[in-house]
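**Q** query-v1.txt (compact mmCIF, C-alpha atoms and all ligand atoms) pasted underneath:
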# COMPACT_ATOMS: atom_id res chain seq x y z
CA MET A 1484 0.00 0.00 0.00
CA ASP A 1485 1.48 3.40 -0.92
CA ILE A 1486 2.04 6.17 1.56
CA VAL A 1487 -0.84 8.36 0.31
CA LYS A 1488 -3.30 5.50 0.68
CA ARG A 1489 -2.03 4.77 4.20
CA TYR A 1490 -2.43 8.43 5.07
CA GLY A 1491 -5.95 8.43 3.57
CA ASN A 1492 -6.84 5.41 5.70
CA LEU A 1493 -5.51 7.20 8.77
CA ILE A 1494 -7.76 10.19 7.99
CA LYS A 1495 -10.77 7.88 7.63
CA LYS A 1496 -9.96 6.03 10.87
CA SER A 1497 -9.61 9.36 12.69
CA MET A 1498 -13.13 10.43 11.84
CA TYR A 1499 -14.30 9.37 15.32
CA ASN A 1500 -12.89 12.84 16.10
CA PRO A 1501 -13.32 15.05 13.01
CA GLN A 1502 -10.94 17.70 14.38
CA THR A 1503 -8.14 15.10 14.41
CA ALA A 1504 -8.99 14.13 10.83
CA LEU A 1505 -8.97 17.78 9.73
CA ASN A 1506 -5.62 18.29 11.46
CA LEU A 1507 -4.25 15.31 9.54
CA ILE A 1508 -5.48 16.87 6.28
CA LYS A 1509 -3.88 20.22 7.14
CA THR A 1510 -0.64 18.51 8.17
CA GLY A 1511 -0.58 16.46 4.97
CA LEU A 1512 -1.12 19.58 2.87
CA SER A 1513 1.52 21.53 4.79
CA LEU A 1514 4.06 18.73 4.29
CA GLU A 1515 3.24 18.56 0.60
CA LYS A 1516 3.65 22.33 0.29
CA LEU A 1517 7.02 22.05 2.01
CA ARG A 1518 8.03 19.18 -0.30
CA VAL A 1519 7.13 21.04 -3.51
CA SER A 1520 8.79 24.23 -2.22
CA LYS A 1521 12.08 22.62 -1.15
CA PHE A 1522 12.61 19.83 -3.65
CA ARG A 1523 12.83 20.71 -7.30
CA ASP A 1524 10.98 18.46 -9.75
CA LYS A 1525 13.33 18.27 -12.71
CA HIS A 1526 10.43 17.49 -15.06
CA LEU A 1527 8.66 20.77 -14.33
CA PRO A 1528 9.65 24.34 -15.22
CA PRO A 1529 9.75 26.83 -12.30
CA SER A 1530 6.27 28.20 -13.04
CA LEU A 1531 4.61 24.79 -12.67
CA GLN A 1532 6.52 24.07 -9.47
CA TYR A 1533 5.27 27.41 -8.19
CA LEU A 1534 1.73 26.50 -9.27
CA ASN A 1535 1.92 23.33 -7.15
CA LYS A 1536 2.92 25.39 -4.15
CA ILE A 1537 0.35 28.18 -4.42
CA CYS A 1538 -2.60 25.86 -5.03
CA ILE A 1539 -1.85 23.96 -1.83
CA GLN A 1540 -1.58 27.36 -0.13
CA TYR A 1541 -4.97 28.39 -1.60
CA ILE A 1542 -6.74 25.37 -0.07
CA LEU A 1543 -4.85 25.58 3.23
CA GLU A 1544 -5.63 29.25 3.91
CA PRO A 1545 -9.39 28.86 4.53
CA LEU A 1546 -8.87 25.58 6.44
CA ARG A 1547 -6.44 27.33 8.79
CA ASN A 1548 -8.65 30.44 9.12
CA PRO A 1549 -12.26 29.25 9.37
CA ASN A 1550 -13.30 32.51 11.06
CA ASN A 1551 -12.10 34.45 8.05
CA CYS A 1552 -13.45 32.29 5.25
CA GLY A 1553 -16.51 31.86 3.07
CA LEU A 1554 -17.68 28.89 0.98
CA VAL A 1555 -17.59 29.50 -2.79
CA ASN A 1556 -17.96 27.52 -5.99
CA LEU A 1557 -15.89 27.77 -9.18
CA PHE A 1558 -17.73 30.79 -10.62
CA ALA A 1559 -18.31 32.90 -7.50
CA PRO A 1560 -17.04 36.51 -7.77
CA THR A 1561 -14.17 35.91 -5.34
CA GLU A 1562 -12.54 39.22 -6.25
CA ILE A 1563 -14.82 40.68 -3.56
CA LEU A 1564 -13.37 38.27 -0.98
CA HIS A 1565 -9.79 39.02 -2.04
CA ALA A 1566 -10.47 42.74 -1.69
CA MET A 1567 -11.81 42.17 1.83
CA GLY A 1568 -8.93 39.88 2.85
CA ILE A 1569 -11.25 36.86 3.24
CA TYR A 1570 -10.19 33.35 2.18
CA PRO A 1571 -12.53 31.49 -0.20
CA LEU A 1572 -13.03 27.79 0.50
CA PHE A 1573 -13.48 26.45 -3.02
CA ILE A 1574 -15.77 23.48 -2.44
CA GLU A 1575 -15.13 21.52 -5.66
CA ALA A 1576 -11.37 21.80 -5.01
CA PHE A 1577 -11.76 20.60 -1.43
CA SER A 1578 -13.50 17.46 -2.72
CA SER A 1579 -10.68 16.95 -5.22
CA PHE A 1580 -8.16 17.15 -2.40
CA LEU A 1581 -10.14 14.52 -0.45
CA SER A 1582 -9.78 12.36 -3.54
CA GLY A 1583 -6.06 13.20 -3.64
CA PHE A 1584 -5.82 11.80 -0.09
CA THR A 1585 -7.76 8.71 -1.32
CA CYS A 1586 -10.40 9.20 1.37
CA GLU A 1587 -13.22 10.51 -0.84
CA ASP A 1588 -15.14 7.22 -0.49
CA TYR A 1589 -15.66 7.77 3.26
CA PHE A 1590 -17.27 11.20 2.75
CA ILE A 1591 -19.30 10.17 -0.30
CA ASP A 1592 -20.67 7.17 1.61
CA TYR A 1593 -21.35 9.41 4.60
CA ALA A 1594 -23.45 11.73 2.40
CA SER A 1595 -25.28 8.71 0.91
CA ASN A 1596 -26.08 7.45 4.39
CA CYS A 1597 -27.49 10.88 5.23
CA GLY A 1598 -29.90 10.45 2.31
CA PHE A 1599 -28.23 12.38 -0.52
CA SER A 1600 -29.03 10.93 -3.92
CA GLU A 1601 -26.77 8.31 -5.53
CA THR A 1602 -26.79 10.38 -8.73
CA LEU A 1603 -25.66 13.63 -7.13
CA CYS A 1604 -22.34 14.92 -8.53
CA SER A 1605 -19.51 13.56 -6.40
CA TYR A 1606 -17.80 16.96 -6.06
CA HIS A 1607 -20.90 17.98 -4.12
CA LYS A 1608 -21.46 14.69 -2.42
CA ALA A 1609 -17.94 14.46 -0.99
CA PHE A 1610 -18.23 18.04 0.25
CA LEU A 1611 -21.64 17.42 1.81
CA GLY A 1612 -20.23 14.32 3.52
CA ALA A 1613 -17.37 16.46 4.86
CA ILE A 1614 -19.86 19.04 6.16
CA ASP A 1615 -22.32 16.61 7.71
CA SER A 1616 -19.63 14.47 9.32
CA GLY A 1617 -18.25 17.60 11.03
CA LEU A 1618 -14.88 17.57 9.19
CA ILE A 1619 -14.99 21.20 8.10
CA SER A 1620 -15.00 23.96 10.71
CA LYS A 1621 -17.80 26.49 10.50
CA PRO A 1622 -17.14 29.19 7.87
CA SER A 1623 -18.70 32.68 8.08
CA PHE A 1624 -20.92 32.67 4.99
CA ALA A 1625 -21.49 30.99 1.60
CA VAL A 1626 -21.90 32.46 -1.90
CA THR A 1627 -22.75 30.82 -5.20
CA SER A 1628 -24.73 31.50 -8.36
CA SER A 1629 -27.39 29.90 -10.52
CA MET A 1630 -24.85 29.37 -13.35
CA ILE A 1631 -24.46 25.96 -14.97
CA CYS A 1632 -24.60 23.61 -12.05
CA ASP A 1633 -27.92 22.17 -10.96
CA ALA A 1634 -26.38 20.92 -7.70
CA ASN A 1635 -24.90 24.18 -6.42
CA ILE A 1636 -27.91 25.92 -4.99
CA ASN A 1637 -29.06 22.96 -2.92
CA THR A 1638 -25.55 22.22 -1.66
CA PHE A 1639 -24.99 25.82 -0.56
CA ARG A 1640 -28.44 26.01 0.98
CA HIS A 1641 -27.72 22.84 2.94
CA CYS A 1642 -24.34 24.19 4.14
CA SER A 1643 -25.98 27.44 5.23
CA HIS A 1644 -28.68 25.57 7.12
CA ASN A 1645 -26.24 23.11 8.69
CA TYR A 1646 -23.90 25.84 10.00
CA ASN A 1647 -26.56 28.49 10.50
CA ILE A 1648 -24.58 30.95 8.36
CA PRO A 1649 -25.87 33.49 5.81
CA PHE A 1650 -25.66 32.63 2.12
CA TYR A 1651 -26.27 34.41 -1.15
CA ILE A 1652 -27.24 32.95 -4.52
CA ILE A 1653 -26.58 35.27 -7.46
CA ASP A 1654 -29.26 34.71 -10.08
CA ILE A 1655 -27.60 34.89 -13.52
CA PRO A 1656 -29.95 35.29 -16.51
CA TYR A 1657 -29.04 33.48 -19.73
CA GLU A 1658 -28.77 36.62 -21.87
CA TYR A 1659 -26.36 39.51 -21.62
CA ASN A 1660 -27.66 43.07 -22.07
CA LYS A 1661 -27.44 46.30 -20.09
CA ASP A 1662 -30.53 45.42 -18.01
CA THR A 1663 -29.24 41.99 -16.99
CA GLU A 1664 -25.82 43.54 -16.25
CA SER A 1665 -27.46 46.00 -13.80
CA TYR A 1666 -29.61 43.20 -12.36
CA VAL A 1667 -26.56 41.05 -11.56
CA ALA A 1668 -24.44 44.04 -10.43
CA ASN A 1669 -27.14 44.99 -7.91
CA GLN A 1670 -27.18 41.45 -6.58
CA ILE A 1671 -23.39 41.52 -6.16
CA LYS A 1672 -23.77 44.76 -4.15
CA GLU A 1673 -26.39 43.04 -1.97
CA MET A 1674 -24.05 40.09 -1.55
CA VAL A 1675 -21.32 42.49 -0.40
CA CYS A 1676 -23.70 43.88 2.28
CA MET A 1677 -24.33 40.33 3.47
CA ILE A 1678 -20.60 39.60 3.67
CA GLU A 1679 -19.92 42.92 5.43
CA ASP A 1680 -22.55 42.04 8.05
CA ALA A 1681 -21.25 38.50 8.49
CA MET A 1682 -17.62 39.61 8.80
CA SER A 1683 -18.12 42.95 10.53
CA LYS A 1684 -15.84 44.66 8.04
CA SER A 1685 -16.34 46.87 5.00
CA LEU A 1686 -15.36 46.49 1.40
CA ASP A 1687 -12.95 49.18 0.19
CA VAL A 1688 -14.03 49.77 -3.43
CA ASN A 1689 -10.58 51.15 -4.30
CA LYS A 1690 -9.05 47.88 -3.13
CA LEU A 1691 -11.53 46.01 -5.33
CA LYS A 1692 -10.44 48.15 -8.30
CA GLU A 1693 -6.81 47.24 -7.57
CA ILE A 1694 -7.77 43.55 -7.60
CA LEU A 1695 -9.42 43.95 -11.02
CA ILE A 1696 -6.41 45.85 -12.39
CA LEU A 1697 -4.19 42.97 -11.26
CA GLU A 1698 -6.62 40.50 -12.86
CA ASN A 1699 -6.32 42.41 -16.16
CA SER A 1700 -2.51 42.28 -15.96
CA THR A 1701 -2.79 38.55 -15.25
CA LEU A 1702 -4.97 38.15 -18.34
CA TYR A 1703 -2.21 39.72 -20.45
CA TYR A 1704 0.22 36.96 -19.43
CA ARG A 1705 -2.41 34.22 -19.76
CA LYS A 1706 -3.02 35.26 -23.37
CA LEU A 1707 0.71 35.57 -24.05
CA PHE A 1708 1.23 32.01 -22.83
CA TYR A 1709 -1.63 30.53 -24.86
CA ASN A 1710 -0.43 32.35 -28.01
CA LYS A 1711 2.88 30.56 -27.64
CA LEU A 1712 1.26 27.25 -26.73
CA LYS A 1713 -0.21 27.13 -30.23
CA THR A 1714 3.19 26.16 -31.62
CA LYS A 1715 5.32 25.17 -28.65
CA TYR A 1716 5.52 22.18 -26.35
CA PHE A 1717 4.88 22.84 -22.67
CA PRO A 1718 4.69 20.12 -20.01
CA ASN A 1719 1.37 19.43 -18.37
CA THR A 1720 -0.37 16.88 -16.19
CA LEU A 1721 -3.99 16.15 -15.30
CA THR A 1722 -3.37 17.41 -11.74
CA LEU A 1723 -1.70 20.64 -12.86
CA GLU A 1724 -4.60 21.32 -15.19
CA MET A 1725 -7.02 20.86 -12.29
CA TYR A 1726 -4.86 23.19 -10.16
CA LYS A 1727 -5.27 25.83 -12.88
CA LEU A 1728 -8.96 26.02 -11.94
CA PHE A 1729 -7.73 28.02 -8.94
CA THR A 1730 -5.61 30.38 -11.01
CA SER A 1731 -8.13 30.86 -13.84
CA HIS A 1732 -11.10 31.36 -11.49
CA VAL A 1733 -11.22 31.43 -7.69
CA ALA A 1734 -7.71 32.89 -7.19
CA LEU A 1735 -7.80 35.45 -10.01
CA GLY A 1736 -6.85 38.83 -8.61
CA ARG A 1737 -4.28 37.34 -6.21
CA LYS A 1738 -0.66 38.46 -6.64
CA GLU A 1739 0.56 34.84 -6.50
CA THR A 1740 -1.69 34.00 -9.45
CA TYR A 1741 -0.31 36.95 -11.41
CA LYS A 1742 3.23 35.77 -10.66
CA PHE A 1743 2.42 32.24 -11.83
CA TYR A 1744 1.09 33.34 -15.25
CA LYS A 1745 3.99 35.76 -15.73
CA MET A 1746 6.50 32.99 -14.93
CA GLN A 1747 4.68 30.55 -17.21
CA SER A 1748 4.76 32.98 -20.16
CA GLU A 1749 8.53 33.31 -19.61
CA ASP A 1750 9.16 29.58 -19.14
CA ILE A 1751 7.52 28.60 -22.41
CA GLN A 1752 10.14 30.55 -24.35
CA TYR A 1753 12.69 27.88 -23.44
CA PHE A 1754 10.67 25.06 -25.03
CA ASN A 1755 10.89 23.97 -28.67
CA ARG A 1756 8.26 23.88 -31.35
CA THR A 1757 5.92 20.99 -30.75
CA SER A 1758 5.53 17.93 -32.90
CA CYS A 1759 3.04 16.32 -30.46
CA LYS A 1760 -0.58 15.55 -31.16
CA LYS A 1761 -2.30 18.32 -29.26
CA ILE A 1762 -5.35 17.53 -27.16
CA LEU A 1763 -7.89 20.03 -25.88
CA TRP A 1764 -9.73 18.68 -22.83
CA VAL A 1765 -13.35 19.55 -22.14
CA HIS A 1766 -14.66 19.75 -18.57
CA LEU A 1767 -12.94 18.33 -15.49
CA LEU A 1768 -10.02 15.89 -15.39
CA PRO A 1769 -9.92 12.64 -13.37
CA PHE A 1770 -6.39 13.38 -12.18
CA TYR A 1771 -5.98 10.01 -10.43
CA HIS A 1772 -6.80 7.82 -13.44
CA LYS A 1773 -3.86 5.54 -14.30
CA THR A 1774 -4.42 5.12 -18.03
CA LEU A 1775 -5.04 8.81 -18.58
CA LYS A 1776 -1.99 9.71 -16.51
CA ASP A 1777 0.13 7.26 -18.51
CA TYR A 1778 -0.99 8.82 -21.79
CA PHE A 1779 -1.01 12.50 -20.96
CA ASN A 1780 1.12 13.37 -17.93
CA LEU A 1781 4.28 15.08 -19.25
CA SER A 1782 3.77 13.28 -22.54
CA ARG A 1783 5.86 14.32 -25.54
CA GLU A 1784 3.57 12.36 -27.83
CA TYR A 1785 0.11 13.61 -26.84
CA GLN A 1786 0.21 17.03 -25.35
CA LEU A 1787 -2.58 18.02 -22.99
CA LEU A 1788 -3.00 21.67 -24.03
CA THR A 1789 -5.52 22.88 -21.47
CA CYS A 1790 -9.12 22.35 -20.47
CA ASP A 1791 -11.89 24.58 -21.79
CA PHE A 1792 -12.40 26.24 -18.39
CA SER A 1793 -9.18 28.20 -19.06
CA PHE A 1794 -10.95 29.95 -21.93
CA ASP A 1795 -14.41 30.49 -20.47
CA TYR A 1796 -13.93 34.25 -20.08
CA MET A 1797 -10.90 36.06 -21.45
CA GLU A 1798 -11.94 39.73 -21.53
CA GLU A 1799 -10.54 42.73 -19.69
CA LEU A 1800 -12.57 43.99 -16.74
CA ASP A 1801 -13.71 47.60 -16.54
CA TYR A 1802 -12.16 48.28 -13.15
CA ASN A 1803 -13.76 51.73 -12.90
CA ASN A 1804 -17.15 49.99 -12.69
CA PRO A 1805 -16.17 46.94 -10.65
CA PHE A 1806 -19.63 45.58 -9.84
CA ASN A 1807 -20.76 45.83 -13.45
CA ALA A 1808 -17.47 44.30 -14.61
CA LEU A 1809 -18.00 41.28 -12.35
CA ALA A 1810 -21.62 40.99 -13.48
CA LYS A 1811 -20.55 41.05 -17.14
CA LYS A 1812 -17.90 38.44 -16.46
CA MET A 1813 -20.52 36.04 -15.07
CA LEU A 1814 -23.15 36.74 -17.73
CA LEU A 1815 -20.76 36.32 -20.65
CA ASN A 1816 -18.98 33.27 -19.30
CA GLN A 1817 -19.13 30.47 -21.87
CA TYR A 1818 -20.74 28.26 -19.24
CA ASN A 1819 -23.70 30.60 -18.81
CA GLY A 1820 -26.55 30.09 -21.23
CA SER A 1821 -27.15 27.46 -23.86
CA PHE A 1822 -24.85 24.52 -24.46
CA GLU A 1823 -24.50 25.71 -28.09
CA LYS A 1824 -22.67 28.78 -26.78
CA LYS A 1825 -20.28 26.58 -24.83
CA ALA A 1826 -19.75 24.29 -27.84
CA LYS A 1827 -18.92 27.26 -30.09
CA ASN A 1828 -16.39 28.53 -27.58
CA ILE A 1829 -14.76 25.09 -27.40
CA LEU A 1830 -14.49 25.06 -31.20
CA LYS A 1831 -12.96 28.55 -31.12
CA THR A 1832 -10.47 27.46 -28.43
CA ALA A 1833 -9.54 24.36 -30.43
CA LYS A 1834 -8.81 26.59 -33.43
CA VAL A 1835 -6.91 29.21 -31.41
CA LEU A 1836 -4.67 26.49 -29.94
CA ASP A 1837 -4.53 24.50 -33.17
CA ALA A 1838 -5.71 21.37 -31.32
CA ASP A 1839 -5.53 18.04 -33.17
CA ALA A 1840 -8.37 16.52 -31.16
CA VAL A 1841 -10.83 17.16 -28.37
CA ILE A 1842 -11.56 14.83 -25.44
CA ASN A 1843 -14.74 15.45 -23.46
CA PHE A 1844 -15.07 14.06 -19.96
CA CYS A 1845 -18.61 13.35 -18.77
CA HIS A 1846 -18.38 13.46 -15.02
CA TRP A 1847 -20.73 11.19 -13.07
CA GLY A 1848 -23.81 13.11 -11.94
CA CYS A 1849 -23.08 16.23 -14.02
CA LYS A 1850 -26.17 16.74 -16.11
CA GLN A 1851 -24.95 19.74 -18.11
CA SER A 1852 -21.81 18.06 -19.45
CA THR A 1853 -23.51 14.75 -20.24
CA GLY A 1854 -26.57 16.40 -21.77
CA GLY A 1855 -24.59 18.56 -24.20
CA THR A 1856 -22.21 15.93 -25.54
CA MET A 1857 -24.02 15.30 -28.85
CA ILE A 1858 -24.20 19.04 -29.60
CA LEU A 1859 -20.46 19.33 -29.13
CA LYS A 1860 -19.76 16.16 -31.09
CA ASP A 1861 -21.80 17.38 -34.08
CA LEU A 1862 -20.17 20.80 -34.13
CA LEU A 1863 -16.64 19.37 -34.01
CA LYS A 1864 -17.51 16.80 -36.63
CA GLU A 1865 -18.68 19.57 -39.00
CA ASN A 1866 -15.27 21.15 -38.47
CA ASN A 1867 -13.29 17.93 -38.93
CA ILE A 1868 -11.91 17.90 -35.42
CA PRO A 1869 -11.63 14.38 -33.97
CA PHE A 1870 -13.70 14.01 -30.83
CA LEU A 1871 -13.93 11.44 -28.07
CA SER A 1872 -16.28 11.48 -25.13
CA ILE A 1873 -15.51 9.34 -22.08
CA ASP A 1874 -17.52 8.74 -18.93
CA GLY A 1875 -16.08 8.62 -15.44
CA ASP A 1876 -15.87 10.36 -12.13
CA GLY A 1877 -13.42 13.14 -11.28
CA VAL A 1878 -13.58 12.40 -7.55
CA ASP A 1879 -14.90 8.91 -6.77
CA ARG A 1880 -12.49 6.26 -8.02
CA ARG A 1881 -15.18 3.58 -7.68
CA ASN A 1882 -17.25 5.16 -10.48
CA THR A 1883 -14.64 4.99 -13.23
CA GLN A 1884 -14.17 1.89 -15.35
CA ASP A 1885 -10.48 1.73 -16.15
CA GLY A 1886 -10.76 -0.98 -18.82
CA GLN A 1887 -13.43 0.84 -20.79
CA ILE A 1888 -11.57 4.18 -20.76
CA LYS A 1889 -8.31 2.46 -21.71
CA THR A 1890 -9.85 0.73 -24.72
CA ARG A 1891 -11.61 3.85 -25.99
CA VAL A 1892 -8.67 6.23 -25.48
CA GLU A 1893 -6.22 3.82 -27.13
CA ALA A 1894 -8.49 3.41 -30.14
CA PHE A 1895 -9.02 7.15 -30.41
CA LEU A 1896 -5.33 8.01 -30.22
CA GLU A 1897 -4.61 5.39 -32.88
CA ILE A 1898 -7.17 7.03 -35.12
CA ILE A 1899 -5.76 10.52 -34.70
CA ASP A 1900 -2.29 9.13 -35.26
CA THR A 1901 -3.26 7.68 -38.61
CA THR A 1902 -6.04 9.83 -40.00
CA GLN A 1903 -5.35 13.28 -38.51
CA ARG A 1904 -8.50 15.36 -38.40
CA LYS A 1905 -10.59 13.22 -40.65
CA LYS A 1906 -12.67 11.14 -38.38
CA VAL A 1907 -14.97 11.64 -35.42
CA ILE A 1908 -15.80 8.61 -33.31
S1 LIG B 2001 -19.25 18.60 -12.38
FE1 LIG B 2001 -21.25 19.41 -13.03
S2 LIG B 2001 -22.66 18.93 -11.34
FE2 LIG B 2001 -20.55 18.73 -10.57
S3 LIG B 2001 -19.98 20.71 -9.68
FE3 LIG B 2001 -19.32 20.77 -11.81
S4 LIG B 2001 -21.03 21.63 -12.99
FE4 LIG B 2001 -21.84 21.00 -10.98
Reformat the file's structure so that it appears as structure tokens.
Ligand code: SF4
**A**
Amino acid sequence: MDIVKRYGNLIKKSMYNPQTALNLIKTGLSLEKLRVSKFRDKHLPPSLQYLNKICIQYILEPLRNPNNCGLVNLFAPTEILHAMGIYPLFIEAFSSFLSGFTCEDYFIDYASNCGFSETLCSYHKAFLGAIDSGLISKPSFAVTSSMICDANINTFRHCSHNYNIPFYIIDIPYEYNKDTESYVANQIKEMVCMIEDAMSKSLDVNKLKEILILENSTLYYRKLFYNKLKTKYFPNTLTLEMYKLFTSHVALGRKETYKFYKMQSEDIQYFNRTSCKKILWVHLLPFYHKTLKDYFNLSREYQLLTCDFSFDYMEELDYNNPFNALAKKMLLNQYNGSFEKKAKNILKTAKVLDADAVINFCHWGCKQSTGGTMILKDLLKENNIPFLSIDGDGVDRRNTQDGQIKTRVEAFLEIIDTTQRKKVI
């Protein structure tokens, strides 16, 4: 049994006292942060080593400071929290870390035993299990939105009820226009009032503007990097790509995130032109999956370019109107609105990055990704971009069939090797 699995078992066995289990999680994360800070991984450029470090820091901060933290999901306007010096606890990432510790099954089963549906997305289910079992210390508030995810609102409502903390759901209409922008901006202002009450501190709007200015500067380096990625090789792994969900979303506006993208745009200059088959990933990545790791982690044959979340909103923010800028960012996100909009943006991203193929991951329990697969498949087929859709679970190892994924991925890669952009399976 490997050391991570032993440690995961220790966490599970310690759940008779959830505080002990949480301390083990924090200790494990702290040791991992120390390891990635002190010992250089010769396979990774400095920027990706730095990414490893800051993402562990981003999950540790709210766990160490429960009195100064709020629950958020991937699309919450966390710039407000950064401006107020509050740590966001990114719930989907926390579930991924439970999976990283190989103890996700305990919390998923705990949620099932509490009556949560078998078909609920496991990012939510693991988090709900962690809440109901008492693993996570009480945060101060929770914020989410109506965007994309059918599970979010109920999960956040449950957390709020369980901890008796205030929560805010930002209602995001499907269409963008000036009226919907004002509608969402007003809700964000209301949300700020709720956070100010919960935290007994005020938002400094000038600080918020500074955060948005830094986010714009970060965007400059993100775009610079992706421009170069079109022709150059750059190492990647499934885990690093999942870590980038912090830097492209919840931790945008943080100075560490800015530093990461700046470093990455510099690091790529030292890599050669690519001769790999370039793969654009759609949706989340099952970072633990052996076959997928074998094919894509640091591969010089099949380069994992990025996942489509990195391109879901790539516009500058009008920092002089910060609430409207954040509203616009949510309304125009590729994940808000019809699946056709998302599919078109994936096609555009595939063209921008000159991808040779697209792999779509249908995560167990995620209705939006599963429901839209045929729309995406048809659009990519019309554009002669090879497409594969695989089913699995990004968190719960028990829900992913290794043999089936192996057979399908192998067959797909053989096809793109031989027919290059001619066939869609
Ligand atoms: S995978 Fe789907 S259901 Fe799960 S959190 Fe993401 S959007 Fe929601």
**Q** For the contact check between segment 1548-1592 of chain A and segment 1617-1630 of chain A, emit one row per residue of segment 1548-1592 of chain A within 7 Å, containing the shortest atom pair and the distance in Å rounded to one decimal, counting all atoms listed in the file, chain then rising number order, as JSON lines.
**A**
{"residue": "A:Pro1549", "atom": "CA", "partner": "A:Pro1622", "partner_atom": "CA", "distance": 5.1}
{"residue": "A:Asn1550", "atom": "CA", "partner": "A:Pro1622", "partner_atom": "CA", "distance": 6.0}
{"residue": "A:Asn1551", "atom": "CA", "partner": "A:Ser1623", "partner_atom": "CA", "distance": 6.8}
{"residue": "A:Cys1552", "atom": "CA", "partner": "A:Pro1622", "partner_atom": "CA", "distance": 5.5}
{"residue": "A:Gly1553", "atom": "CA", "partner": "A:Phe1624", "partner_atom": "CA", "distance": 4.9}
{"residue": "A:Leu1554", "atom": "CA", "partner": "A:Ala1625", "partner_atom": "CA", "distance": 4.4}
{"residue": "A:Val1555", "atom": "CA", "partner": "A:Val1626", "partner_atom": "CA", "distance": 5.3}
{"residue": "A:Asn1556", "atom": "CA", "partner": "A:Thr1627", "partner_atom": "CA", "distance": 5.9}
{"residue": "A:Ala1559", "atom": "CA", "partner": "A:Thr1627", "partner_atom": "CA", "distance": 5.4}
**Q** Dump the neighbourhood of ligand LIG 2001 (chain B) as a PyMOL selection string: all residues within 10 Å, distances computed on all atoms listed in the file.
**A** chain A and resi 1556-1557+1574-1576+1602-1608+1630-1636+1638+1766-1767+1818+1844-1853+1876-1878
**Q** Need the shell around segment 1657-1664 of chain A: protein/DNA/RNA residues with any atom at most 12 Å away, counting all atoms listed in the file. Skip same-chain ones fewer than 3 positions apart. Format as number ranges by chain?
**A** A: 1629-1631, 1653-1654, 1667-1671, 1804-1822, 1824
**Q** Using only C-alpha atoms, determine which residues lie at most 8 Å from Leu1702 of chain A, disregarding the query and same-chain residues fewer than 6 positions distant; provide the list as a PyMOL selection string.
**A** chain A and resi 1797-1799
**Q** Considering all atoms listed in the file, state which residue in the set A:Gly1875, A:Gly1736, A:Pro1545, A:Pro1869 is at the smallest distance from Leu1830 of chain A.
**A**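 Among A:Gly1875, A:Gly1736, A:Pro1545, A:Pro1869, it is A:Pro1869 that comes nearest to Leu1830 of chain A.
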